[in-house]
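S.K.: First the structure, then my questions, so here it is.
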Amino acid sequence: MFRGQYDNDVTVWSPQGRLFQVEYAMEAVGLGTACVGLKSQELAVVVGLYKPENQTGLSQPKIIPIDRHVGICIAGITADARVLGKYLRTECLTYRHSYNAPYPISRLVWNLGNKMQISTQRYDRRPHGVGLLLAAYDKNGSHIYQVMPSANVFNCKAMAIGNRSQGAHTYLMKHADTFPYCTNDELICHGIQAISYAASIDEPLKLSIGIVGKDQPFKILSNAESLSYQRTCKPPDDARNHDMSWYPEALKEFEFTENDDAGPSDQGNAPTSQPSHSDVTPVTSGNQINDNKSS
Amino acid sequence: MNSFGIEQFPDYKVPGVQHVDFSPYESNGGSIVAIAGDDFVVIAADTRLSSGYSIHSRDQSKLFEMSSKTVLGSTGCWCDTLSLTGLVKVRMQMYEHTHMKTMTTDAVAQMLSIVMYNRRFFPYYVSNILAGLDKDGKGAVYSYDPIGHCERATYRAGGTAGALLQPVLDNQIGYKNQNLSADQLPPLTKERAVAVASDTFISAAERDIYTGDSVLINIITADGIEERKLQLRKD
């Protein structure tokens, strides 16, 4: 939506009292594929949906581990997310080194919000075009925080952001009251089912699942673990009138042997090629406009 | 270690005046022994922390677990030890974030050397021995001087009783000065390495006042790190 003359500069207000540049930055989050975050008493889960892989390269990472007690799932411009991830990692590491304790998460996101706000008020900066879902577990329990380009930070029971996340969001709202009492497996399954609403119905999901909780340092599930959860959770809702009996078989396509480092969730190997800004727009992905900048 | 003492400037000495010079270093005592085998490495350190003729603690471990395959034994000035091991841990975590894998023992060895040399003109007063499994799964022992000179060896003793222990290891592990031909040398087993390490410490506790109380032994294999404790003389 082009909003006219007051949108060229982040330091310019519109007559209605809006900052259009910041609002445009929020649109960038919607360009990235969906992310879902939810928590129970003892576990916080983030699930990221991968774009379909193009023929030339691997998918960009959706989940970035920050510290033993916190990890983030990103939607939007990956390069901006990397910078924020680097900041969070440095903060957590120096805090842990100085105080021999994990950085309390509410303070961490508060500081992040303050840092992001600067770029919404300076003429020589632009807002970060990425939305984050933070999953954390500290002495106050499990947390899901949503951070947006507007520098707003929200403490959430559950949240979905990114492209076509409204369906996921509705699912989460419907089941939100049951989450605090779910077992770990049930919670992960809820996350998978929520995010399936954001995927195209015809294809099996390629997901990245990150978990953190009591006695569980932040971990991205391996390809094998993630697939086994997808198999055991029931396939996306039958109310959408699709015969999903082919689903478990189709998941076999995503099985990788241990040596194969092409799996999107396999964070154990250093990625051999990550196209951060490849100039060639692949022919197969018709729907994505900013294919290689956002994920 | 006090190179800026009043002794350097005899003209400034005033009769009857007491000069108290500050020394940034202090020796907190302790000894370390490490022995490497074909698929294991044993590192042992005593648990006495002292200062002059006083004892700070009889139960302070000098072994720092850096990863599931690497243990750093540090003795000397305790404050420098804590600072150095904290720094190495931070650097290893940063490596893991960037490269998405744990640092190998060889990489830690090199990094430690660099970190120590960076303080060439105000050294860490620490005697380091790094023990771990290298990338081929073989035992590795790296020993350091205070400014980071690094050397890989099969066995090494460091700390206040280092000079007492090293010759014993030379004879018992290296079979030096024994009239044994090459084919008579038995391969080093884990049990023998632990036994020799334990015995050398018992001997060290007899003669070195800074070594004693108990010794903590870490045995690193592909299955993980096993810990054992042996009591020593408390005097």
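Letters for chains follow the order of the structure tokens (A, B, ...), residue numbers begin at 1 for each chain, and ligand numbers begin at 1 in the order shown.
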Within 9 Å of chain A, which residues of chain B come that close, and what is the closest atom pair and distance in Å for each? Count only C-alpha atoms and give it as a Markdown table.
M.R.:
```
| residue | atom | partner | partner_atom | distance |
| --- | --- | --- | --- | --- |
| B:Gly86 | CA | A:His97 | CA | 6.9 |
| B:Leu87 | CA | A:His97 | CA | 8.1 |
| B:Lys89 | CA | A:His97 | CA | 8.8 |
| B:Val90 | CA | A:Leu93 | CA | 6.9 |
| B:Gln93 | CA | A:Leu93 | CA | 8.0 |
| B:Met94 | CA | A:Leu93 | CA | 8.3 |
| B:His97 | CA | A:Pro65 | CA | 7.8 |
| B:Thr98 | CA | A:Ala270 | CA | 8.7 |
| B:His99 | CA | A:Ala270 | CA | 5.9 |
| B:Met100 | CA | A:Ala270 | CA | 5.8 |
| B:Lys101 | CA | A:Gly268 | CA | 6.6 |
```
S.K.: Go ahead and write the residues just picked, N, CA and C atoms, as a PDB file, in the first residue's frame.
M.R.:
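Result file is selection.pdb:
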```pdb
ATOM      1  N   GLY B  86      38.188 -18.959  31.778  1.00  0.00           N
ATOM      2  CA  GLY B  86      36.933 -18.292  31.403  1.00  0.00           C
ATOM      3  C   GLY B  86      37.004 -17.763  29.981  1.00  0.00           C
ATOM      4  N   LEU B  87      38.137 -17.172  29.643  1.00  0.00           N
ATOM      5  CA  LEU B  87      38.310 -16.605  28.303  1.00  0.00           C
ATOM      6  C   LEU B  87      38.296 -17.705  27.245  1.00  0.00           C
ATOM      7  N   LYS B  89      36.828 -20.545  27.412  1.00  0.00           N
ATOM      8  CA  LYS B  89      35.448 -21.067  27.270  1.00  0.00           C
ATOM      9  C   LYS B  89      34.614 -20.136  26.384  1.00  0.00           C
ATOM     10  N   VAL B  90      34.775 -18.826  26.579  1.00  0.00           N
ATOM     11  CA  VAL B  90      34.011 -17.865  25.768  1.00  0.00           C
ATOM     12  C   VAL B  90      34.406 -17.997  24.305  1.00  0.00           C
ATOM     13  N   GLN B  93      32.878 -21.000  22.738  1.00  0.00           N
ATOM     14  CA  GLN B  93      31.441 -20.832  22.473  1.00  0.00           C
ATOM     15  C   GLN B  93      31.228 -19.997  21.218  1.00  0.00           C
ATOM     16  N   MET B  94      32.057 -18.979  21.039  1.00  0.00           N
ATOM     17  CA  MET B  94      31.940 -18.147  19.839  1.00  0.00           C
ATOM     18  C   MET B  94      32.257 -18.970  18.596  1.00  0.00           C
ATOM     19  N   HIS B  97      29.257 -21.072  17.751  1.00  0.00           N
ATOM     20  CA  HIS B  97      28.187 -20.308  17.094  1.00  0.00           C
ATOM     21  C   HIS B  97      28.493 -20.109  15.624  1.00  0.00           C
ATOM     22  N   THR B  98      29.744 -19.795  15.321  1.00  0.00           N
ATOM     23  CA  THR B  98      30.104 -19.472  13.938  1.00  0.00           C
ATOM     24  C   THR B  98      30.193 -20.711  13.073  1.00  0.00           C
ATOM     25  N   HIS B  99      30.810 -21.762  13.619  1.00  0.00           N
ATOM     26  CA  HIS B  99      31.100 -22.929  12.781  1.00  0.00           C
ATOM     27  C   HIS B  99      30.154 -24.088  13.008  1.00  0.00           C
ATOM     28  N   MET B 100      29.263 -23.936  13.977  1.00  0.00           N
ATOM     29  CA  MET B 100      28.270 -24.967  14.284  1.00  0.00           C
ATOM     30  C   MET B 100      28.887 -26.315  14.574  1.00  0.00           C
ATOM     31  N   LYS B 101      30.073 -26.312  15.159  1.00  0.00           N
ATOM     32  CA  LYS B 101      30.633 -27.551  15.683  1.00  0.00           C
ATOM     33  C   LYS B 101      31.584 -27.218  16.819  1.00  0.00           C
TER      34      LYS B 101
END
```
S.K.: Can you tell me, as a PyMOL selection string, what residues are no more than 7 Å from Ser113 of chain B when counting only C-alpha atoms, ignoring any on the same chain fewer than 6 positions away?
M.R.: chain B and resi 148-150
S.K.: Which residues, written as a ChimeraX atom specification, have at least one atom at most 7 Å from segment 144-155 of chain A, with only C-alpha atoms counted and residues fewer than 6 positions away on the same chain left out?
M.R.: /A:22,25-26,37-39,44,109,113,116-117,127-136
S.K.: Store the residues picked out above in a file with N, CA and C atoms, as a PDB file, in the first residue's frame.
M.R.:
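File again.pdb, as written:
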```
ATOM      1  N   VAL A  22       8.098   2.661   9.229  1.00  0.00           N
ATOM      2  CA  VAL A  22       8.051   1.565  10.205  1.00  0.00           C
ATOM      3  C   VAL A  22       6.981   0.564   9.786  1.00  0.00           C
ATOM      4  N   ALA A  25       8.204  -1.498   7.078  1.00  0.00           N
ATOM      5  CA  ALA A  25       9.149  -2.504   7.582  1.00  0.00           C
ATOM      6  C   ALA A  25       8.408  -3.724   8.109  1.00  0.00           C
ATOM      7  N   MET A  26       7.238  -3.481   8.716  1.00  0.00           N
ATOM      8  CA  MET A  26       6.457  -4.614   9.223  1.00  0.00           C
ATOM      9  C   MET A  26       5.991  -5.515   8.094  1.00  0.00           C
ATOM     10  N   GLY A  37       5.396 -19.955  17.505  1.00  0.00           N
ATOM     11  CA  GLY A  37       6.024 -20.165  18.814  1.00  0.00           C
ATOM     12  C   GLY A  37       4.952 -20.445  19.841  1.00  0.00           C
ATOM     13  N   LEU A  38       5.211 -21.403  20.742  1.00  0.00           N
ATOM     14  CA  LEU A  38       4.234 -21.715  21.781  1.00  0.00           C
ATOM     15  C   LEU A  38       4.969 -22.311  22.967  1.00  0.00           C
ATOM     16  N   LYS A  39       4.308 -22.288  24.129  1.00  0.00           N
ATOM     17  CA  LYS A  39       5.033 -22.744  25.323  1.00  0.00           C
ATOM     18  C   LYS A  39       4.102 -23.476  26.276  1.00  0.00           C
ATOM     19  N   ALA A  44       9.492 -24.465  25.764  1.00  0.00           N
ATOM     20  CA  ALA A  44       9.087 -23.480  24.755  1.00  0.00           C
ATOM     21  C   ALA A  44       9.547 -24.014  23.409  1.00  0.00           C
ATOM     22  N   VAL A 109      15.262  -9.059  25.969  1.00  0.00           N
ATOM     23  CA  VAL A 109      14.405  -8.541  24.888  1.00  0.00           C
ATOM     24  C   VAL A 109      14.147  -7.055  25.072  1.00  0.00           C
ATOM     25  N   GLY A 113      14.817  -4.425  22.204  1.00  0.00           N
ATOM     26  CA  GLY A 113      13.811  -3.455  21.762  1.00  0.00           C
ATOM     27  C   GLY A 113      14.372  -2.045  21.758  1.00  0.00           C
ATOM     28  N   MET A 116      16.630  -1.631  18.808  1.00  0.00           N
ATOM     29  CA  MET A 116      15.923  -1.542  17.525  1.00  0.00           C
ATOM     30  C   MET A 116      15.179  -0.220  17.386  1.00  0.00           C
ATOM     31  N   GLN A 117      14.807   0.363  18.512  1.00  0.00           N
ATOM     32  CA  GLN A 117      14.046   1.611  18.444  1.00  0.00           C
ATOM     33  C   GLN A 117      14.879   2.739  17.849  1.00  0.00           C
ATOM     34  N   PRO A 127      14.628   0.757   9.884  1.00  0.00           N
ATOM     35  CA  PRO A 127      14.253  -0.322  10.804  1.00  0.00           C
ATOM     36  C   PRO A 127      14.747  -1.678  10.301  1.00  0.00           C
ATOM     37  N   HIS A 128      14.971  -2.601  11.214  1.00  0.00           N
ATOM     38  CA  HIS A 128      15.350  -3.968  10.836  1.00  0.00           C
ATOM     39  C   HIS A 128      14.129  -4.662  10.245  1.00  0.00           C
ATOM     40  N   GLY A 129      14.288  -5.200   9.057  1.00  0.00           N
ATOM     41  CA  GLY A 129      13.119  -5.781   8.387  1.00  0.00           C
ATOM     42  C   GLY A 129      12.897  -7.242   8.741  1.00  0.00           C
ATOM     43  N   VAL A 130      12.859  -7.539  10.027  1.00  0.00           N
ATOM     44  CA  VAL A 130      12.710  -8.949  10.394  1.00  0.00           C
ATOM     45  C   VAL A 130      11.908  -9.055  11.680  1.00  0.00           C
ATOM     46  N   GLY A 131      11.061 -10.068  11.747  1.00  0.00           N
ATOM     47  CA  GLY A 131      10.344 -10.351  12.982  1.00  0.00           C
ATOM     48  C   GLY A 131      10.970 -11.574  13.637  1.00  0.00           C
ATOM     49  N   LEU A 132      11.090 -11.538  14.953  1.00  0.00           N
ATOM     50  CA  LEU A 132      11.687 -12.665  15.678  1.00  0.00           C
ATOM     51  C   LEU A 132      10.677 -13.264  16.622  1.00  0.00           C
ATOM     52  N   LEU A 133      10.730 -14.587  16.744  1.00  0.00           N
ATOM     53  CA  LEU A 133      10.037 -15.248  17.844  1.00  0.00           C
ATOM     54  C   LEU A 133      11.116 -15.863  18.712  1.00  0.00           C
ATOM     55  N   LEU A 134      11.217 -15.390  19.954  1.00  0.00           N
ATOM     56  CA  LEU A 134      12.228 -15.906  20.866  1.00  0.00           C
ATOM     57  C   LEU A 134      11.616 -16.986  21.727  1.00  0.00           C
ATOM     58  N   ALA A 135      12.300 -18.105  21.829  1.00  0.00           N
ATOM     59  CA  ALA A 135      11.880 -19.142  22.770  1.00  0.00           C
ATOM     60  C   ALA A 135      12.955 -19.216  23.842  1.00  0.00           C
ATOM     61  N   ALA A 136      12.541 -19.167  25.106  1.00  0.00           N
ATOM     62  CA  ALA A 136      13.542 -19.148  26.166  1.00  0.00           C
ATOM     63  C   ALA A 136      13.019 -19.859  27.398  1.00  0.00           C
TER      64      ALA A 136
END
```
S.K.: Hey, what's within 10 Å of segment 192-203 of chain B if we count only C-alpha atoms and toss same-chain stuff fewer than 3 positions away? As number ranges by chain, please?
M.R.: B: 31-37, 40-46, 155, 157, 161, 164-169, 172-173, 187-189, 206-208, 211-212, 214-219, 228-233
S.K.: Pick out the residues sitting within 12 Å of Gly167 of chain A, and hand them over as JSON, numbers by chain; count only C-alpha atoms, and ignore anything fewer than 6 positions along from it in its own chain.
M.R.: {"A": [34, 35, 36, 159, 160, 161, 173, 174, 193, 194, 195, 196, 197, 198, 199, 200, 236, 237, 240]}
S.K.: Would you save the residues from that selection as a PDB file, in the first residue's frame, using N, CA, C and O atoms?
M.R.:
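Done, and the output landed in result.pdb:
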```pdb
ATOM      1  N   ALA A  34       6.325 -18.682   7.353  1.00  0.00           N
ATOM      2  CA  ALA A  34       5.725 -18.619   8.686  1.00  0.00           C
ATOM      3  C   ALA A  34       6.640 -19.152   9.782  1.00  0.00           C
ATOM      4  O   ALA A  34       7.450 -20.040   9.582  1.00  0.00           O
ATOM      5  N   CYS A  35       6.451 -18.552  10.968  1.00  0.00           N
ATOM      6  CA  CYS A  35       7.099 -19.042  12.188  1.00  0.00           C
ATOM      7  C   CYS A  35       6.015 -19.165  13.235  1.00  0.00           C
ATOM      8  O   CYS A  35       5.139 -18.312  13.320  1.00  0.00           O
ATOM      9  N   VAL A  36       6.125 -20.201  14.060  1.00  0.00           N
ATOM     10  CA  VAL A  36       5.144 -20.393  15.125  1.00  0.00           C
ATOM     11  C   VAL A  36       5.896 -20.586  16.432  1.00  0.00           C
ATOM     12  O   VAL A  36       6.924 -21.255  16.471  1.00  0.00           O
ATOM     13  N   MET A 159       2.340 -17.524  19.412  1.00  0.00           N
ATOM     14  CA  MET A 159       2.303 -16.508  18.348  1.00  0.00           C
ATOM     15  C   MET A 159       2.707 -17.135  17.025  1.00  0.00           C
ATOM     16  O   MET A 159       3.477 -18.095  16.983  1.00  0.00           O
ATOM     17  N   ALA A 160       2.158 -16.545  15.947  1.00  0.00           N
ATOM     18  CA  ALA A 160       2.580 -16.937  14.609  1.00  0.00           C
ATOM     19  C   ALA A 160       2.852 -15.669  13.821  1.00  0.00           C
ATOM     20  O   ALA A 160       2.089 -14.711  13.896  1.00  0.00           O
ATOM     21  N   ILE A 161       3.944 -15.655  13.065  1.00  0.00           N
ATOM     22  CA  ILE A 161       4.255 -14.497  12.210  1.00  0.00           C
ATOM     23  C   ILE A 161       4.688 -15.006  10.852  1.00  0.00           C
ATOM     24  O   ILE A 161       4.973 -16.189  10.685  1.00  0.00           O
ATOM     25  N   MET A 173      -4.851 -19.801  18.799  1.00  0.00           N
ATOM     26  CA  MET A 173      -5.814 -19.172  19.710  1.00  0.00           C
ATOM     27  C   MET A 173      -6.833 -20.188  20.194  1.00  0.00           C
ATOM     28  O   MET A 173      -7.233 -20.195  21.353  1.00  0.00           O
ATOM     29  N   LYS A 174      -7.218 -21.080  19.265  1.00  0.00           N
ATOM     30  CA  LYS A 174      -8.233 -22.071  19.623  1.00  0.00           C
ATOM     31  C   LYS A 174      -7.731 -22.990  20.729  1.00  0.00           C
ATOM     32  O   LYS A 174      -8.471 -23.384  21.614  1.00  0.00           O
ATOM     33  N   GLN A 193       1.141 -28.760  13.796  1.00  0.00           N
ATOM     34  CA  GLN A 193      -0.192 -28.612  13.207  1.00  0.00           C
ATOM     35  C   GLN A 193      -0.529 -27.153  12.945  1.00  0.00           C
ATOM     36  O   GLN A 193      -1.128 -26.823  11.925  1.00  0.00           O
ATOM     37  N   ALA A 194      -0.108 -26.287  13.840  1.00  0.00           N
ATOM     38  CA  ALA A 194      -0.374 -24.857  13.619  1.00  0.00           C
ATOM     39  C   ALA A 194       0.295 -24.386  12.348  1.00  0.00           C
ATOM     40  O   ALA A 194      -0.316 -23.707  11.509  1.00  0.00           O
ATOM     41  N   ILE A 195       1.552 -24.757  12.183  1.00  0.00           N
ATOM     42  CA  ILE A 195       2.277 -24.214  11.043  1.00  0.00           C
ATOM     43  C   ILE A 195       1.825 -24.842   9.738  1.00  0.00           C
ATOM     44  O   ILE A 195       2.024 -24.256   8.663  1.00  0.00           O
ATOM     45  N   SER A 196       1.185 -25.992   9.818  1.00  0.00           N
ATOM     46  CA  SER A 196       0.732 -26.609   8.576  1.00  0.00           C
ATOM     47  C   SER A 196      -0.325 -25.752   7.891  1.00  0.00           C
ATOM     48  O   SER A 196      -0.516 -25.838   6.680  1.00  0.00           O
ATOM     49  N   TYR A 197      -1.008 -24.898   8.668  1.00  0.00           N
ATOM     50  CA  TYR A 197      -1.992 -24.002   8.059  1.00  0.00           C
ATOM     51  C   TYR A 197      -1.360 -22.949   7.175  1.00  0.00           C
ATOM     52  O   TYR A 197      -2.015 -22.342   6.339  1.00  0.00           O
ATOM     53  N   ALA A 198      -0.077 -22.725   7.395  1.00  0.00           N
ATOM     54  CA  ALA A 198       0.587 -21.704   6.581  1.00  0.00           C
ATOM     55  C   ALA A 198       1.206 -22.285   5.324  1.00  0.00           C
ATOM     56  O   ALA A 198       1.666 -21.560   4.455  1.00  0.00           O
ATOM     57  N   ALA A 199       1.234 -23.614   5.256  1.00  0.00           N
ATOM     58  CA  ALA A 199       1.888 -24.239   4.103  1.00  0.00           C
ATOM     59  C   ALA A 199       0.858 -24.506   3.030  1.00  0.00           C
ATOM     60  O   ALA A 199      -0.333 -24.590   3.287  1.00  0.00           O
ATOM     61  N   SER A 200       1.365 -24.678   1.847  1.00  0.00           N
ATOM     62  CA  SER A 200       0.483 -25.066   0.756  1.00  0.00           C
ATOM     63  C   SER A 200       0.017 -26.489   1.022  1.00  0.00           C
ATOM     64  O   SER A 200       0.763 -27.334   1.479  1.00  0.00           O
ATOM     65  N   PRO A 236      -2.328 -32.577   8.887  1.00  0.00           N
ATOM     66  CA  PRO A 236      -3.172 -31.378   8.975  1.00  0.00           C
ATOM     67  C   PRO A 236      -4.663 -31.718   8.960  1.00  0.00           C
ATOM     68  O   PRO A 236      -5.072 -32.700   8.383  1.00  0.00           O
ATOM     69  N   ASP A 237      -5.413 -30.870   9.587  1.00  0.00           N
ATOM     70  CA  ASP A 237      -6.819 -31.040   9.939  1.00  0.00           C
ATOM     71  C   ASP A 237      -7.688 -31.578   8.794  1.00  0.00           C
ATOM     72  O   ASP A 237      -7.677 -31.033   7.704  1.00  0.00           O
ATOM     73  N   ARG A 240     -10.294 -29.565   6.561  1.00  0.00           N
ATOM     74  CA  ARG A 240     -10.039 -28.865   5.314  1.00  0.00           C
ATOM     75  C   ARG A 240     -10.329 -29.745   4.108  1.00  0.00           C
ATOM     76  O   ARG A 240      -9.989 -29.415   2.999  1.00  0.00           O
TER      77      ARG A 240
END
```
S.K.: Mind giving me the straight-line distance from atom CA of Thr105 of chain B to atom CA of Tyr124 of chain B in Å, one decimal?
M.R.: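 Straight-line distance from atom CA of Thr105 of chain B to atom CA of Tyr124 of chain B works out to 20.8 Å.
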S.K.: Please identify all polymer residues within 12 Å of Leu82 of chain B, counting only C-alpha atoms, omitting same-chain residues fewer than 6 positions from it, and present them as a compact mmCIF listing (two decimals) with all heavy atoms, in the first residue's frame.
M.R.:
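Once everything was written out, this is selection04.txt:
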```
# COMPACT_ATOMS: atom_id res chain seq x y z
N HIS A 97 29.64 -14.77 31.01
CA HIS A 97 31.04 -14.73 31.43
C HIS A 97 31.21 -13.85 32.66
O HIS A 97 31.96 -14.17 33.57
CB HIS A 97 31.91 -14.19 30.28
CG HIS A 97 33.36 -14.19 30.58
ND1 HIS A 97 34.13 -13.06 30.59
CD2 HIS A 97 34.20 -15.19 30.91
CE1 HIS A 97 35.38 -13.36 30.90
NE2 HIS A 97 35.45 -14.65 31.09
N SER A 98 30.47 -12.74 32.70
CA SER A 98 30.64 -11.82 33.83
C SER A 98 29.95 -12.32 35.09
O SER A 98 30.46 -12.13 36.18
CB SER A 98 30.05 -10.45 33.47
OG SER A 98 30.64 -9.94 32.32
N SER B 61 39.49 -28.17 42.48
CA SER B 61 39.89 -28.86 41.27
C SER B 61 40.65 -27.90 40.35
O SER B 61 40.24 -26.75 40.16
CB SER B 61 38.65 -29.38 40.54
OG SER B 61 39.00 -29.77 39.23
N LYS B 62 41.72 -28.38 39.77
CA LYS B 62 42.47 -27.56 38.82
C LYS B 62 42.24 -28.01 37.39
O LYS B 62 42.93 -27.56 36.47
CB LYS B 62 43.97 -27.63 39.13
CG LYS B 62 44.30 -27.14 40.51
CD LYS B 62 45.79 -27.05 40.71
CE LYS B 62 46.09 -26.51 42.09
NZ LYS B 62 45.87 -27.47 43.17
N LEU B 63 41.28 -28.92 37.22
CA LEU B 63 40.99 -29.43 35.88
C LEU B 63 39.72 -28.77 35.37
O LEU B 63 38.71 -28.76 36.06
CB LEU B 63 40.81 -30.95 35.92
CG LEU B 63 42.04 -31.72 36.36
CD1 LEU B 63 41.73 -33.19 36.48
CD2 LEU B 63 43.19 -31.50 35.39
N PHE B 64 39.78 -28.23 34.15
CA PHE B 64 38.64 -27.51 33.58
C PHE B 64 38.21 -28.23 32.31
O PHE B 64 38.97 -28.35 31.36
CB PHE B 64 39.03 -26.06 33.26
CG PHE B 64 39.45 -25.28 34.47
CD1 PHE B 64 40.76 -25.27 34.89
CD2 PHE B 64 38.51 -24.58 35.20
CE1 PHE B 64 41.14 -24.56 36.02
CE2 PHE B 64 38.88 -23.86 36.33
CZ PHE B 64 40.20 -23.85 36.75
N LEU B 72 41.46 -28.97 30.30
CA LEU B 72 42.62 -28.11 30.53
C LEU B 72 42.98 -28.14 32.00
O LEU B 72 42.13 -27.89 32.86
CB LEU B 72 42.30 -26.68 30.09
CG LEU B 72 43.35 -25.61 30.36
CD1 LEU B 72 44.64 -25.93 29.64
CD2 LEU B 72 42.84 -24.26 29.90
N GLY B 73 44.23 -28.48 32.29
CA GLY B 73 44.70 -28.42 33.67
C GLY B 73 45.56 -27.18 33.83
O GLY B 73 46.48 -26.95 33.04
N SER B 74 45.23 -26.35 34.82
CA SER B 74 45.93 -25.07 34.98
C SER B 74 46.36 -24.89 36.41
O SER B 74 45.55 -25.02 37.32
CB SER B 74 44.96 -23.92 34.67
OG SER B 74 45.05 -23.54 33.35
N THR B 75 47.62 -24.55 36.61
CA THR B 75 48.11 -24.31 37.96
C THR B 75 49.05 -23.12 37.93
O THR B 75 49.57 -22.75 36.89
CB THR B 75 48.79 -25.57 38.51
OG1 THR B 75 49.39 -25.25 39.75
CG2 THR B 75 49.87 -26.05 37.58
N GLY B 76 49.27 -22.52 39.10
CA GLY B 76 50.12 -21.34 39.14
C GLY B 76 49.40 -20.27 39.93
O GLY B 76 49.05 -20.47 41.09
N VAL B 88 38.97 -18.81 27.52
CA VAL B 88 39.00 -19.90 26.54
C VAL B 88 37.60 -20.46 26.32
O VAL B 88 37.19 -20.73 25.19
CB VAL B 88 39.97 -21.02 27.01
CG1 VAL B 88 39.83 -22.26 26.17
CG2 VAL B 88 41.40 -20.53 26.95
N LYS B 89 36.83 -20.54 27.41
CA LYS B 89 35.45 -21.07 27.27
C LYS B 89 34.61 -20.14 26.38
O LYS B 89 33.84 -20.59 25.55
CB LYS B 89 34.78 -21.19 28.64
CG LYS B 89 35.15 -22.43 29.38
CD LYS B 89 34.09 -22.78 30.43
CE LYS B 89 34.26 -24.18 30.93
NZ LYS B 89 34.78 -24.27 32.30
N TYR B 124 50.16 -14.38 31.74
CA TYR B 124 49.38 -15.20 32.66
C TYR B 124 50.40 -16.09 33.38
O TYR B 124 51.11 -16.85 32.75
CB TYR B 124 48.41 -16.11 31.90
CG TYR B 124 47.24 -15.40 31.26
CD1 TYR B 124 47.21 -15.17 29.90
CD2 TYR B 124 46.16 -14.99 32.02
CE1 TYR B 124 46.14 -14.54 29.30
CE2 TYR B 124 45.07 -14.36 31.43
CZ TYR B 124 45.07 -14.12 30.08
OH TYR B 124 44.02 -13.51 29.49
N TYR B 125 50.43 -15.99 34.69
CA TYR B 125 51.38 -16.79 35.45
C TYR B 125 50.74 -18.16 35.69
O TYR B 125 50.31 -18.48 36.79
CB TYR B 125 51.69 -16.07 36.77
CG TYR B 125 52.70 -16.77 37.66
CD1 TYR B 125 53.75 -17.53 37.14
CD2 TYR B 125 52.60 -16.67 39.04
CE1 TYR B 125 54.66 -18.15 37.96
CE2 TYR B 125 53.51 -17.29 39.87
CZ TYR B 125 54.54 -18.03 39.34
OH TYR B 125 55.43 -18.64 40.16
N VAL B 126 50.67 -18.92 34.61
CA VAL B 126 49.95 -20.19 34.66
C VAL B 126 50.77 -21.25 33.97
O VAL B 126 51.40 -20.99 32.94
CB VAL B 126 48.59 -20.09 33.93
CG1 VAL B 126 47.81 -21.35 34.10
CG2 VAL B 126 47.79 -18.93 34.43
```
S.K.: Calculated over only C-alpha atoms, which of the candidates B:Asp59, B:Glu96, B:Asp80, B:Asp213 has the smallest distance to Pro146 of chain B?
M.R.: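 Using only C-alpha atoms, Pro146 of chain B sits closest to B:Asp80.
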S.K.: Per DSSP on the backbone, what are the strand (DSSP E) residues of segment 66-271 of chain A, as a ChimeraX atom specification?
M.R.: /A:66-67,70-76,130-138,141-147,153-156,158-161,207-213,216-220
S.K.: Just C-alpha atoms for this one: save the residues we selected as a compact mmCIF listing (two decimals), in the first residue's frame.
M.R.:
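As a result, again-v8.txt now contains:
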```txt
# COMPACT_ATOMS: atom_id res chain seq x y z
CA ILE A 66 21.50 -17.82 20.79
CA ASP A 67 22.53 -19.39 24.08
CA VAL A 70 17.32 -19.07 24.32
CA GLY A 71 16.89 -19.37 20.57
CA ILE A 72 15.09 -17.38 17.88
CA CYS A 73 12.99 -18.12 14.83
CA ILE A 74 13.10 -15.43 12.13
CA ALA A 75 10.75 -14.17 9.43
CA GLY A 76 11.82 -11.46 7.03
CA VAL A 130 12.71 -8.95 10.39
CA GLY A 131 10.34 -10.35 12.98
CA LEU A 132 11.69 -12.66 15.68
CA LEU A 133 10.04 -15.25 17.84
CA LEU A 134 12.23 -15.91 20.87
CA ALA A 135 11.88 -19.14 22.77
CA ALA A 136 13.54 -19.15 26.17
CA TYR A 137 13.59 -20.86 29.54
CA ASP A 138 15.00 -19.12 32.58
CA GLY A 141 9.84 -20.38 33.50
CA SER A 142 9.30 -20.68 29.76
CA HIS A 143 8.80 -17.68 27.50
CA ILE A 144 7.79 -16.80 23.98
CA TYR A 145 8.55 -13.24 22.94
CA GLN A 146 7.68 -11.58 19.66
CA VAL A 147 9.94 -8.78 18.41
CA VAL A 153 8.35 -6.51 22.10
CA PHE A 154 5.44 -8.72 23.15
CA ASN A 155 5.35 -11.45 25.73
CA CYS A 156 3.15 -14.15 24.21
CA ALA A 158 1.74 -18.37 21.60
CA MET A 159 2.30 -16.51 18.35
CA ALA A 160 2.58 -16.94 14.61
CA ILE A 161 4.25 -14.50 12.21
CA LEU A 207 10.25 -27.66 9.10
CA SER A 208 12.87 -26.51 11.50
CA ILE A 209 11.90 -27.14 15.13
CA GLY A 210 13.70 -25.58 18.08
CA ILE A 211 12.99 -26.50 21.70
CA VAL A 212 14.19 -25.21 25.05
CA GLY A 213 13.01 -25.99 28.53
CA GLN A 216 16.67 -28.99 28.03
CA PRO A 217 19.23 -26.59 26.57
CA PHE A 218 18.17 -24.94 23.34
CA LYS A 219 18.32 -27.47 20.56
CA ILE A 220 17.25 -27.63 16.96
```
S.K.: Name the residues of segment 69-272 of chain A that fall into helix (DSSP H, G or I) according to DSSP on the backbone, using the chain letters and numbers of this document, as a ChimeraX atom specification.
M.R.: /A:78-99,105-118,166-181,184-196,223-232,238-240,247-254
S.K.: Calculated over only C-alpha atoms, which of the candidates B:Gly159, B:Pro186, B:Gly174, B:Pro123 has the smallest distance to Pro24 of chain B?
M.R.: B:Pro123
